[in-house]
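> PDB, C-alpha atoms and all ligand atoms, file query34.pdb:
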```
ATOM      1  CA  MET A   1     -51.488 -34.675-168.769
ATOM      2  CA  ASN A   2     -54.017 -34.427-171.656
ATOM      3  CA  ARG A   3     -56.007 -31.283-172.447
ATOM      4  CA  ALA A   4     -59.135 -32.437-170.538
ATOM      5  CA  ALA A   5     -57.153 -33.198-167.417
ATOM      6  CA  ARG A   6     -55.389 -29.828-167.613
ATOM      7  CA  TRP A   7     -58.771 -28.102-168.023
ATOM      8  CA  MET A   8     -60.161 -29.971-164.979
ATOM      9  CA  ALA A   9     -57.118 -29.061-162.896
ATOM     10  CA  LEU A  10     -57.472 -25.385-163.877
ATOM     11  CA  CYS A  11     -61.169 -25.382-162.939
ATOM     12  CA  CYS A  12     -60.352 -26.886-159.556
ATOM     13  CA  LEU A  13     -57.639 -24.270-158.921
ATOM     14  CA  LEU A  14     -60.004 -21.447-159.918
ATOM     15  CA  ALA A  15     -62.747 -22.827-157.647
ATOM     16  CA  LEU A  16     -60.271 -23.085-154.740
ATOM     17  CA  ALA A  17     -59.016 -19.524-155.349
ATOM     18  CA  GLY A  18     -62.596 -18.219-155.484
ATOM     19  CA  ALA A  19     -63.438 -19.890-152.193
ATOM     20  CA  LEU A  20     -60.351 -18.479-150.526
ATOM     21  CA  LEU A  21     -60.940 -14.978-151.907
ATOM     22  CA  CYS A  22     -64.547 -14.998-150.810
ATOM     23  CA  GLY A  23     -63.543 -16.021-147.296
ATOM     24  CA  CYS A  24     -60.788 -13.448-146.743
ATOM     25  CA  ALA A  25     -62.005 -10.623-148.950
ATOM     26  CA  GLY A  26     -64.668  -9.521-146.489
ATOM     27  CA  GLY A  27     -67.475 -11.755-147.719
ATOM     28  CA  ARG A  28     -70.153 -12.468-145.123
ATOM     29  CA  PRO A  29     -68.171 -14.052-142.258
ATOM     30  CA  ALA A  30     -69.124 -17.561-141.342
ATOM     31  CA  PRO A  31     -71.561 -17.357-138.414
ATOM     32  CA  ALA A  32     -69.600 -17.591-135.175
ATOM     33  CA  GLN A  33     -69.977 -20.835-133.336
ATOM     34  CA  ASP A  34     -71.596 -19.031-130.422
ATOM     35  CA  GLY A  35     -74.023 -17.156-132.687
ATOM     36  CA  ALA A  36     -72.258 -13.887-131.832
ATOM     37  CA  GLU A  37     -73.198 -12.444-135.193
ATOM     38  CA  SER A  38     -76.876 -12.527-134.261
ATOM     39  CA  LEU A  39     -76.542 -10.480-131.025
ATOM     40  CA  VAL A  40     -77.868  -6.924-130.821
ATOM     41  CA  VAL A  41     -74.865  -4.748-129.993
ATOM     42  CA  VAL A  42     -75.448  -1.972-127.446
ATOM     43  CA  GLY A  43     -72.825   0.601-126.492
ATOM     44  CA  PHE A  44     -73.474   1.859-122.938
ATOM     45  CA  SER A  45     -71.725   5.003-121.735
ATOM     46  CA  GLN A  46     -72.022   4.861-117.951
ATOM     47  CA  VAL A  47     -71.216   7.789-115.615
ATOM     48  CA  GLY A  48     -68.833   5.801-113.451
ATOM     49  CA  ALA A  49     -68.815   3.581-110.356
ATOM     50  CA  GLU A  50     -69.116   6.345-107.763
ATOM     51  CA  SER A  51     -71.967   4.966-105.703
ATOM     52  CA  ASP A  52     -74.060   1.951-104.711
ATOM     53  CA  TRP A  53     -76.763   3.377-106.947
ATOM     54  CA  ARG A  54     -74.459   3.489-109.949
ATOM     55  CA  ASN A  55     -73.217  -0.044-109.416
ATOM     56  CA  ALA A  56     -76.799  -1.312-109.127
ATOM     57  CA  ASN A  57     -77.649   0.557-112.327
ATOM     58  CA  THR A  58     -74.714  -1.015-114.186
ATOM     59  CA  LEU A  59     -75.580  -4.511-112.917
ATOM     60  CA  SER A  60     -79.194  -4.060-113.997
ATOM     61  CA  MET A  61     -78.097  -3.123-117.510
ATOM     62  CA  GLN A  62     -75.658  -6.063-117.698
ATOM     63  CA  GLN A  63     -78.284  -8.548-116.503
ATOM     64  CA  ALA A  64     -80.911  -7.312-118.979
ATOM     65  CA  LEU A  65     -78.677  -6.763-122.016
ATOM     66  CA  SER A  66     -76.958 -10.141-121.720
ATOM     67  CA  PRO A  67     -75.948 -12.649-124.416
ATOM     68  CA  GLU A  68     -78.617 -15.012-123.080
ATOM     69  CA  ASN A  69     -81.161 -12.298-123.896
ATOM     70  CA  GLY A  70     -79.648 -11.741-127.333
ATOM     71  CA  TYR A  71     -77.413  -8.757-126.613
ATOM     72  CA  ARG A  72     -73.752  -7.864-126.606
ATOM     73  CA  LEU A  73     -73.270  -4.961-124.191
ATOM     74  CA  ILE A  74     -70.177  -2.801-124.569
ATOM     75  CA  LEU A  75     -69.835  -0.948-121.233
ATOM     76  CA  ASP A  76     -67.703   2.163-120.877
ATOM     77  CA  ASP A  77     -67.049   3.676-117.419
ATOM     78  CA  ALA A  78     -66.468   7.438-117.820
ATOM     79  CA  GLN A  79     -65.202   7.935-114.262
ATOM     80  CA  GLN A  80     -67.650  10.835-113.923
ATOM     81  CA  LYS A  81     -66.060  12.791-116.805
ATOM     82  CA  GLN A  82     -68.229  14.011-119.680
ATOM     83  CA  GLU A  83     -65.298  14.138-122.102
ATOM     84  CA  ARG A  84     -64.776  10.409-121.611
ATOM     85  CA  GLN A  85     -68.431   9.813-122.434
ATOM     86  CA  ILE A  86     -68.111  11.808-125.639
ATOM     87  CA  THR A  87     -65.085   9.721-126.646
ATOM     88  CA  ALA A  88     -66.957   6.513-125.800
ATOM     89  CA  ILE A  89     -69.934   7.518-127.942
ATOM     90  CA  ARG A  90     -67.609   8.240-130.886
ATOM     91  CA  ASN A  91     -66.021   4.825-130.405
ATOM     92  CA  PHE A  92     -69.472   3.204-130.403
ATOM     93  CA  ILE A  93     -70.268   5.010-133.664
ATOM     94  CA  ASN A  94     -67.005   3.791-135.219
ATOM     95  CA  GLN A  95     -67.761   0.259-134.077
ATOM     96  CA  GLY A  96     -71.166   0.470-135.745
ATOM     97  CA  VAL A  97     -73.171  -0.569-132.677
ATOM     98  CA  ASP A  98     -76.904  -1.081-133.119
ATOM     99  CA  TYR A  99     -77.932   1.150-130.193
ATOM    100  CA  ILE A 100     -76.275   3.628-127.844
ATOM    101  CA  VAL A 101     -77.380   4.048-124.217
ATOM    102  CA  LEU A 102     -76.137   7.145-122.397
ATOM    103  CA  ALA A 103     -76.325   7.773-118.654
ATOM    104  CA  PRO A 104     -75.182  11.401-118.804
ATOM    105  CA  THR A 105     -72.872  12.955-116.231
ATOM    106  CA  THR A 106     -74.352  16.419-116.764
ATOM    107  CA  GLU A 107     -77.271  17.995-118.631
ATOM    108  CA  LYS A 108     -75.409  20.127-121.167
ATOM    109  CA  GLY A 109     -72.789  19.517-123.894
ATOM    110  CA  TRP A 110     -74.322  16.625-125.858
ATOM    111  CA  ASP A 111     -75.558  18.283-129.056
ATOM    112  CA  THR A 112     -72.472  17.692-131.211
ATOM    113  CA  VAL A 113     -71.764  14.068-130.375
ATOM    114  CA  LEU A 114     -75.438  13.054-130.464
ATOM    115  CA  GLY A 115     -75.615  14.759-133.869
ATOM    116  CA  GLU A 116     -72.836  12.413-134.986
ATOM    117  CA  ALA A 117     -74.776   9.388-133.693
ATOM    118  CA  LYS A 118     -77.892  10.601-135.506
ATOM    119  CA  ALA A 119     -75.914  11.064-138.727
ATOM    120  CA  ALA A 120     -74.681   7.483-138.315
ATOM    121  CA  GLY A 121     -78.276   6.301-137.948
ATOM    122  CA  ILE A 122     -77.712   4.904-134.437
ATOM    123  CA  PRO A 123     -80.641   5.361-132.008
ATOM    124  CA  VAL A 124     -79.644   6.866-128.632
ATOM    125  CA  ILE A 125     -81.508   6.046-125.409
ATOM    126  CA  ILE A 126     -80.879   8.319-122.414
ATOM    127  CA  VAL A 127     -81.185   6.809-118.924
ATOM    128  CA  ASP A 128     -81.217   8.268-115.419
ATOM    129  CA  ARG A 129     -80.298  11.949-115.581
ATOM    130  CA  MET A 130     -81.754  14.348-118.156
ATOM    131  CA  ILE A 131     -79.941  16.053-121.019
ATOM    132  CA  GLU A 132     -80.591  19.510-122.438
ATOM    133  CA  VAL A 133     -80.258  19.613-126.251
ATOM    134  CA  ALA A 134     -81.566  22.123-128.819
ATOM    135  CA  ASP A 135     -83.043  19.309-130.910
ATOM    136  CA  THR A 136     -84.782  16.491-129.016
ATOM    137  CA  SER A 137     -84.689  14.326-132.134
ATOM    138  CA  LEU A 138     -81.034  13.736-131.168
ATOM    139  CA  PHE A 139     -82.242  11.042-128.775
ATOM    140  CA  THR A 140     -84.922   8.418-129.231
ATOM    141  CA  CYS A 141     -86.232   8.463-125.643
ATOM    142  CA  TRP A 142     -85.360   9.078-121.997
ATOM    143  CA  ILE A 143     -85.997   6.889-118.932
ATOM    144  CA  GLY A 144     -85.251   8.282-115.492
ATOM    145  CA  SER A 145     -86.357   9.983-112.302
ATOM    146  CA  ASP A 146     -88.176  13.169-111.398
ATOM    147  CA  PHE A 147     -85.458  14.688-109.234
ATOM    148  CA  ARG A 148     -87.384  17.806-108.293
ATOM    149  CA  ARG A 149     -90.190  15.603-107.012
ATOM    150  CA  GLU A 150     -87.616  13.672-105.004
ATOM    151  CA  GLY A 151     -86.460  16.937-103.397
ATOM    152  CA  ASP A 152     -90.046  17.995-102.677
ATOM    153  CA  THR A 153     -90.677  14.593-101.027
ATOM    154  CA  ALA A 154     -87.722  15.151 -98.726
ATOM    155  CA  VAL A 155     -88.864  18.662 -97.778
ATOM    156  CA  ALA A 156     -92.425  17.440 -97.120
ATOM    157  CA  TRP A 157     -91.013  14.909 -94.626
ATOM    158  CA  MET A 158     -89.002  17.661 -92.936
ATOM    159  CA  GLU A 159     -92.117  19.844 -92.662
ATOM    160  CA  GLU A 160     -94.122  16.970 -91.174
ATOM    161  CA  HIS A 161     -91.540  15.657 -88.727
ATOM    162  CA  LEU A 162     -89.360  18.613 -87.740
ATOM    163  CA  GLN A 163     -90.871  21.694 -86.153
ATOM    164  CA  GLY A 164     -89.100  24.988 -85.422
ATOM    165  CA  PRO A 165     -85.663  26.312 -86.449
ATOM    166  CA  LEU A 166     -83.364  24.038 -88.461
ATOM    167  CA  ARG A 167     -79.674  24.556 -89.270
ATOM    168  CA  ILE A 168     -79.146  22.584 -92.485
ATOM    169  CA  VAL A 169     -75.973  21.117 -94.033
ATOM    170  CA  HIS A 170     -76.483  20.449 -97.749
ATOM    171  CA  LEU A 171     -74.225  17.855 -99.422
ATOM    172  CA  GLN A 172     -74.777  18.170-103.173
ATOM    173  CA  GLY A 173     -74.046  15.664-105.930
ATOM    174  CA  ASN A 174     -72.155  16.394-109.140
ATOM    175  CA  ILE A 175     -72.888  20.033-109.938
ATOM    176  CA  GLY A 176     -74.857  20.293-113.194
ATOM    177  CA  SER A 177     -76.290  16.795-113.037
ATOM    178  CA  SER A 178     -80.097  16.737-113.091
ATOM    179  CA  ALA A 179     -80.090  14.690-109.883
ATOM    180  CA  GLN A 180     -78.267  17.521-108.125
ATOM    181  CA  ILE A 181     -80.293  20.258-109.833
ATOM    182  CA  GLY A 182     -83.693  18.769-108.925
ATOM    183  CA  ARG A 183     -82.849  17.763-105.367
ATOM    184  CA  THR A 184     -81.295  21.193-104.723
ATOM    185  CA  GLU A 185     -84.338  22.971-106.199
ATOM    186  CA  GLY A 186     -86.531  21.012-103.777
ATOM    187  CA  LEU A 187     -84.493  22.133-100.782
ATOM    188  CA  ASP A 188     -84.335  25.735-102.036
ATOM    189  CA  ALA A 189     -88.136  25.795-102.275
ATOM    190  CA  GLY A 190     -88.280  24.546 -98.679
ATOM    191  CA  LEU A 191     -85.828  27.199 -97.508
ATOM    192  CA  ALA A 192     -87.873  29.897 -99.247
ATOM    193  CA  ALA A 193     -91.048  28.690 -97.531
ATOM    194  CA  HIS A 194     -89.445  28.320 -94.078
ATOM    195  CA  PRO A 195     -87.618  31.402 -92.796
ATOM    196  CA  GLU A 196     -86.929  29.422 -89.622
ATOM    197  CA  TRP A 197     -84.698  27.077 -91.632
ATOM    198  CA  GLU A 198     -81.067  28.180 -92.098
ATOM    199  CA  LEU A 199     -78.573  26.802 -94.664
ATOM    200  CA  VAL A 200     -75.302  26.689 -92.740
ATOM    201  CA  PHE A 201     -73.285  24.855 -95.433
ATOM    202  CA  ARG A 202     -73.663  23.854 -99.085
ATOM    203  CA  GLY A 203     -70.990  21.969-101.035
ATOM    204  CA  SER A 204     -70.554  19.157-103.546
ATOM    205  CA  GLY A 205     -69.368  15.721-102.476
ATOM    206  CA  ASP A 206     -69.665  14.444-106.087
ATOM    207  CA  PHE A 207     -71.964  11.640-104.882
ATOM    208  CA  THR A 208     -68.970   9.853-103.314
ATOM    209  CA  GLN A 209     -68.525   8.570 -99.751
ATOM    210  CA  ALA A 210     -64.972   9.866 -99.452
ATOM    211  CA  LYS A 211     -65.903  13.431-100.335
ATOM    212  CA  GLY A 212     -68.997  13.318 -98.159
ATOM    213  CA  GLN A 213     -66.797  12.394 -95.203
ATOM    214  CA  GLU A 214     -64.235  15.047 -96.114
ATOM    215  CA  LEU A 215     -66.843  17.825 -96.198
ATOM    216  CA  MET A 216     -68.335  16.748 -92.877
ATOM    217  CA  GLU A 217     -64.948  16.493 -91.170
ATOM    218  CA  ALA A 218     -64.118  20.040 -92.299
ATOM    219  CA  LEU A 219     -67.443  21.301 -90.942
ATOM    220  CA  LEU A 220     -66.945  19.563 -87.616
ATOM    221  CA  ALA A 221     -63.446  21.008 -87.345
ATOM    222  CA  ARG A 222     -64.932  24.481 -87.845
ATOM    223  CA  ASP A 223     -67.371  23.731 -85.043
ATOM    224  CA  THR A 224     -70.282  24.669 -87.292
ATOM    225  CA  GLY A 225     -73.565  24.099 -85.475
ATOM    226  CA  PHE A 226     -76.122  22.065 -87.462
ATOM    227  CA  ASP A 227     -79.265  19.998 -86.888
ATOM    228  CA  LEU A 228     -79.853  18.207 -90.203
ATOM    229  CA  ILE A 229     -77.799  16.845 -93.097
ATOM    230  CA  TYR A 230     -79.562  16.864 -96.499
ATOM    231  CA  SER A 231     -77.367  14.469 -98.464
ATOM    232  CA  GLU A 232     -78.149  14.143-102.180
ATOM    233  CA  ASN A 233     -77.185  10.457-102.177
ATOM    234  CA  ASP A 234     -76.554   7.574 -99.804
ATOM    235  CA  ASN A 235     -72.809   7.295-100.295
ATOM    236  CA  MET A 236     -72.187  10.893 -99.230
ATOM    237  CA  ALA A 237     -74.459  10.194 -96.250
ATOM    238  CA  TYR A 238     -72.308   7.167 -95.339
ATOM    239  CA  GLY A 239     -69.226   9.414 -95.352
ATOM    240  CA  ALA A 240     -70.951  12.054 -93.229
ATOM    241  CA  ILE A 241     -72.106   9.385 -90.761
ATOM    242  CA  ASP A 242     -68.546   8.092 -90.387
ATOM    243  CA  ALA A 243     -67.346  11.642 -89.630
ATOM    244  CA  LEU A 244     -70.121  12.230 -87.092
ATOM    245  CA  ARG A 245     -69.365   8.968 -85.304
ATOM    246  CA  ALA A 246     -65.643   9.822 -85.180
ATOM    247  CA  ALA A 247     -66.610  13.147 -83.558
ATOM    248  CA  GLY A 248     -68.651  11.312 -80.894
ATOM    249  CA  LEU A 249     -72.023  12.341 -82.355
ATOM    250  CA  ALA A 250     -74.928   9.917 -82.876
ATOM    251  CA  PRO A 251     -76.130  10.155 -86.505
ATOM    252  CA  GLY A 252     -79.922  10.017 -86.715
ATOM    253  CA  ARG A 253     -80.226  11.126 -83.094
ATOM    254  CA  ASP A 254     -77.921  14.107 -82.438
ATOM    255  CA  VAL A 255     -78.214  15.054 -86.128
ATOM    256  CA  THR A 256     -81.121  14.242 -88.468
ATOM    257  CA  ILE A 257     -79.879  12.496 -91.615
ATOM    258  CA  LEU A 258     -81.901  12.726 -94.792
ATOM    259  CA  SER A 259     -80.668  11.014 -97.956
ATOM    260  CA  PHE A 260     -81.555   9.939-101.524
ATOM    261  CA  ASP A 261     -81.305   6.661-103.458
ATOM    262  CA  ALA A 262     -82.685   4.259-100.782
ATOM    263  CA  SER A 263     -80.085   1.577-101.486
ATOM    264  CA  GLY A 264     -80.153  -1.547 -99.297
ATOM    265  CA  HIS A 265     -77.360  -0.496 -96.956
ATOM    266  CA  ALA A 266     -78.958   2.908 -96.375
ATOM    267  CA  LEU A 267     -82.318   1.331 -95.581
ATOM    268  CA  ARG A 268     -80.607  -0.872 -92.995
ATOM    269  CA  LEU A 269     -79.190   2.309 -91.479
ATOM    270  CA  ILE A 270     -82.788   3.514 -91.144
ATOM    271  CA  LEU A 271     -83.562   0.316 -89.212
ATOM    272  CA  SER A 272     -80.568   1.003 -86.944
ATOM    273  CA  GLY A 273     -81.680   4.636 -86.473
ATOM    274  CA  GLU A 274     -78.684   6.285 -88.220
ATOM    275  CA  ILE A 275     -80.598   7.594 -91.227
ATOM    276  CA  ASN A 276     -84.018   9.191 -90.622
ATOM    277  CA  PHE A 277     -85.471   9.428 -94.122
ATOM    278  CA  ASP A 278     -84.418   8.197 -97.569
ATOM    279  CA  VAL A 279     -86.034   9.076-100.893
ATOM    280  CA  GLU A 280     -85.914   6.288-103.472
ATOM    281  CA  CYS A 281     -84.195   6.814-106.786
ATOM    282  CA  ASN A 282     -84.669   3.596-108.676
ATOM    283  CA  PRO A 283     -81.562   2.387-110.595
ATOM    284  CA  LEU A 284     -83.021  -0.763-112.164
ATOM    285  CA  HIS A 285     -83.192   0.600-115.722
ATOM    286  CA  GLY A 286     -81.908  -2.553-117.457
ATOM    287  CA  PRO A 287     -85.288  -4.178-118.124
ATOM    288  CA  ARG A 288     -86.761  -0.787-119.082
ATOM    289  CA  VAL A 289     -84.032  -0.216-121.700
ATOM    290  CA  GLN A 290     -84.402  -3.786-122.960
ATOM    291  CA  ALA A 291     -88.144  -3.250-123.419
ATOM    292  CA  VAL A 292     -87.527  -0.017-125.373
ATOM    293  CA  ILE A 293     -85.005  -1.686-127.689
ATOM    294  CA  GLU A 294     -87.411  -4.522-128.336
ATOM    295  CA  GLN A 295     -90.140  -1.998-129.139
ATOM    296  CA  LEU A 296     -87.809  -0.279-131.601
ATOM    297  CA  ARG A 297     -86.861  -3.616-133.193
ATOM    298  CA  ARG A 298     -90.581  -4.262-133.744
ATOM    299  CA  GLY A 299     -90.869  -0.893-135.467
ATOM    300  CA  GLU A 300     -92.832   0.614-132.589
ATOM    301  CA  THR A 301     -92.280   4.082-131.068
ATOM    302  CA  PRO A 302     -91.560   4.196-127.306
ATOM    303  CA  PRO A 303     -92.706   7.170-125.183
ATOM    304  CA  LYS A 304     -90.266  10.074-125.467
ATOM    305  CA  PHE A 305     -90.033  10.493-121.685
ATOM    306  CA  THR A 306     -90.662   7.785-119.050
ATOM    307  CA  TYR A 307     -90.494   8.699-115.371
ATOM    308  CA  VAL A 308     -89.999   5.694-113.109
ATOM    309  CA  GLU A 309     -92.256   5.156-110.080
ATOM    310  CA  GLU A 310     -90.466   5.924-106.817
ATOM    311  CA  THR A 311     -91.294   6.028-103.086
ATOM    312  CA  ALA A 312     -89.530   6.997 -99.838
ATOM    313  CA  PHE A 313     -88.694   5.358 -96.522
ATOM    314  CA  ASP A 314     -88.472   6.142 -92.812
ATOM    315  CA  ALA A 315     -88.534   3.651 -89.947
ATOM    316  CA  GLU A 316     -92.309   3.357 -90.087
ATOM    317  CA  GLY A 317     -93.245   0.146 -91.906
ATOM    318  CA  LEU A 318     -89.668  -0.681 -92.893
ATOM    319  CA  SER A 319     -88.327  -4.194 -92.248
ATOM    320  CA  GLU A 320     -85.558  -6.547 -93.393
ATOM    321  CA  ALA A 321     -88.170  -8.328 -95.523
ATOM    322  CA  VAL A 322     -89.026  -5.077 -97.334
ATOM    323  CA  ILE A 323     -85.340  -4.369 -97.890
ATOM    324  CA  ASP A 324     -84.566  -7.896 -99.096
ATOM    325  CA  GLY A 325     -87.380  -7.681-101.629
ATOM    326  CA  ARG A 326     -86.110  -4.543-103.357
ATOM    327  CA  GLY A 327     -83.444  -5.804-105.687
ATOM    328  CA  TYR A 328     -80.650  -3.350-104.834
TER     329      TYR A 328
HETATM  330  C1  LIG V 401     -79.623   9.538-109.693
HETATM  331  C2  LIG V 401     -78.205   9.232-110.055
HETATM  332  C3  LIG V 401     -77.306   9.660-108.947
HETATM  333  C4  LIG V 401     -77.562   8.908-107.653
HETATM  334  C5  LIG V 401     -76.183   8.800-107.129
HETATM  335  O1  LIG V 401     -80.462   9.116-110.680
HETATM  336  O2  LIG V 401     -77.827   9.911-111.215
HETATM  337  O3  LIG V 401     -75.979   9.378-109.348
HETATM  338  O4  LIG V 401     -78.442   9.568-106.788
HETATM  339  C6  LIG V 401     -75.422   8.467-108.394
HETATM  340  O5  LIG V 401     -75.998   7.822-106.139
HETATM  341  O6  LIG V 401     -74.082   8.630-108.213
END
```
So that I can check it, write out the structure of this file as structure tokens.

Amino acid sequence: MNRAARWMALCCLLALAGALLCGCAGGRPAPAQDGAESLVVVGFSQVGAESDWRNANTLSMQQALSPENGYRLILDDAQQKQERQITAIRNFINQGVDYIVLAPTTEKGWDTVLGEAKAAGIPVIIVDRMIEVADTSLFTCWIGSDFRREGDTAVAWMEEHLQGPLRIVHLQGNIGSSAQIGRTEGLDAGLAAHPEWELVFRGSGDFTQAKGQELMEALLARDTGFDLIYSENDNMAYGAIDALRAAGLAPGRDVTILSFDASGHALRLILSGEINFDVECNPLHGPRVQAVIEQLRRGETPPKFTYVEETAFDAEGLSEAVIDGRGY
């Protein structure tokens, strides 16, 4: 092989080696066939799957932050444990996600891990419950409910519809969550204003149907007299209703049932007369979070705090058509 041919062969080998090196030495990866490289990656630390509300919230986030809309959503279910959320957030940071969304189990204990997200330059959006941090720059914005107002709405209905003495059973959600704190504060204000109202039981059912039923069964076994159940979410109310039925009592008639969330099944129980009043807590945060991320991507600043509009339901004016039109 003459000199020129050798030189040409060498150049070809060098060009081939360069191409191979570039490809496997971490050069910009070839764009994935499905365009995956262009998706906005969002790490979502979700409380769990404890209730209809939570499942509707998760579905709303998945539908909004979908690949069709330009997102890759990484969902982590913390099974109602804050330490699992902290681990999930650290994993999101290590994965280099573009945004972190946190639906916090409780209000306290977020300063350190959100400081790590801030140091990594990853914006954090808080949804649903509130967090309490020393430095509010640790999160970009919060979207959720006014839980104290929800409690006050429930008490106002009690004042309007129930006269005279009331023996109240209070089923609380996860202790330390802002949903529990606000709804409990509302009832406590009512108790302070109404000496004729008596709190005969208060305990946490962790927002789950099983624990709601367990608490009610224990109360019935103790033959505790009560007139009203103030259940801080629908799933605990479902459990209490099952226990009342098993004891031969008519929920909504023998015992007034007041609940929170206003999920579809609960509203149908209002139609059937088994729940008397239900305060809405809207879970459909997916589109709201999507809108915030798109604002941030445009370089705009979203409001720091956004309270979602919410209403409440009793049998008056409620119909299947209203329920079908609500989305959860
Ligand atoms: C309220 C939410 C609560 C719901 C429960 O915003 O955090 O958690 O009321 C859910 O159903 O488990």
> Show which residues sit within 10 Å of His265 of chain A, as a PyMOL selection string. Count all atoms listed in the file, and ignore same-chain residues fewer than 4 positions away.
chain A and resi 52+234-235+238+269-271+323+328
> All residues within 10 Å of ligand LIG 401 (chain V) are required, counting all atoms listed in the file; please report them as an MDAnalysis selection string.
chainID A and resid 47:57 80 103:106 127:130 144:147 173:174 177:180 183 206:209 231:236 259:263 279:283
> For atom CA of Glu150 of chain A and atom CA of Ala189 of chain A, quote the distance in Å rounded to one decimal.
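Taking atom CA of Glu150 of chain A and atom CA of Ala189 of chain A, their separation equals 12.4 Å.
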> Give me the result of the PyMOL selection byres (((chain A and resi 134) around 12) and not hetatm) on this file, residue by residue, as an mmCIF file with C-alpha atoms, keeping the file's coordinate frame.

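File out-v8.cif, as written:
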```cif
data_model
loop_
_atom_site.group_PDB
_atom_site.id
_atom_site.type_symbol
_atom_site.label_atom_id
_atom_site.label_comp_id
_atom_site.auth_asym_id
_atom_site.auth_seq_id
_atom_site.Cartn_x
_atom_site.Cartn_y
_atom_site.Cartn_z
ATOM 1 C CA GLU A 107 -77.271 17.995 -118.631
ATOM 2 C CA LYS A 108 -75.409 20.127 -121.167
ATOM 3 C CA GLY A 109 -72.789 19.517 -123.894
ATOM 4 C CA TRP A 110 -74.322 16.625 -125.858
ATOM 5 C CA ASP A 111 -75.558 18.283 -129.056
ATOM 6 C CA THR A 112 -72.472 17.692 -131.211
ATOM 7 C CA LEU A 114 -75.438 13.054 -130.464
ATOM 8 C CA GLY A 115 -75.615 14.759 -133.869
ATOM 9 C CA ILE A 131 -79.941 16.053 -121.019
ATOM 10 C CA GLU A 132 -80.591 19.510 -122.438
ATOM 11 C CA VAL A 133 -80.258 19.613 -126.251
ATOM 12 C CA ASP A 135 -83.043 19.309 -130.910
ATOM 13 C CA THR A 136 -84.782 16.491 -129.016
ATOM 14 C CA SER A 137 -84.689 14.326 -132.134
ATOM 15 C CA LEU A 138 -81.034 13.736 -131.168
ATOM 16 C CA PHE A 139 -82.242 11.042 -128.775
#
```
> Do you know which residues are at most 9 Å from Gln290 of chain A counting all atoms listed in the file, after dropping those on the same chain fewer than 6 positions away, and could you put them as a list in words?
Met61, Ala64 and Leu65 of chain A
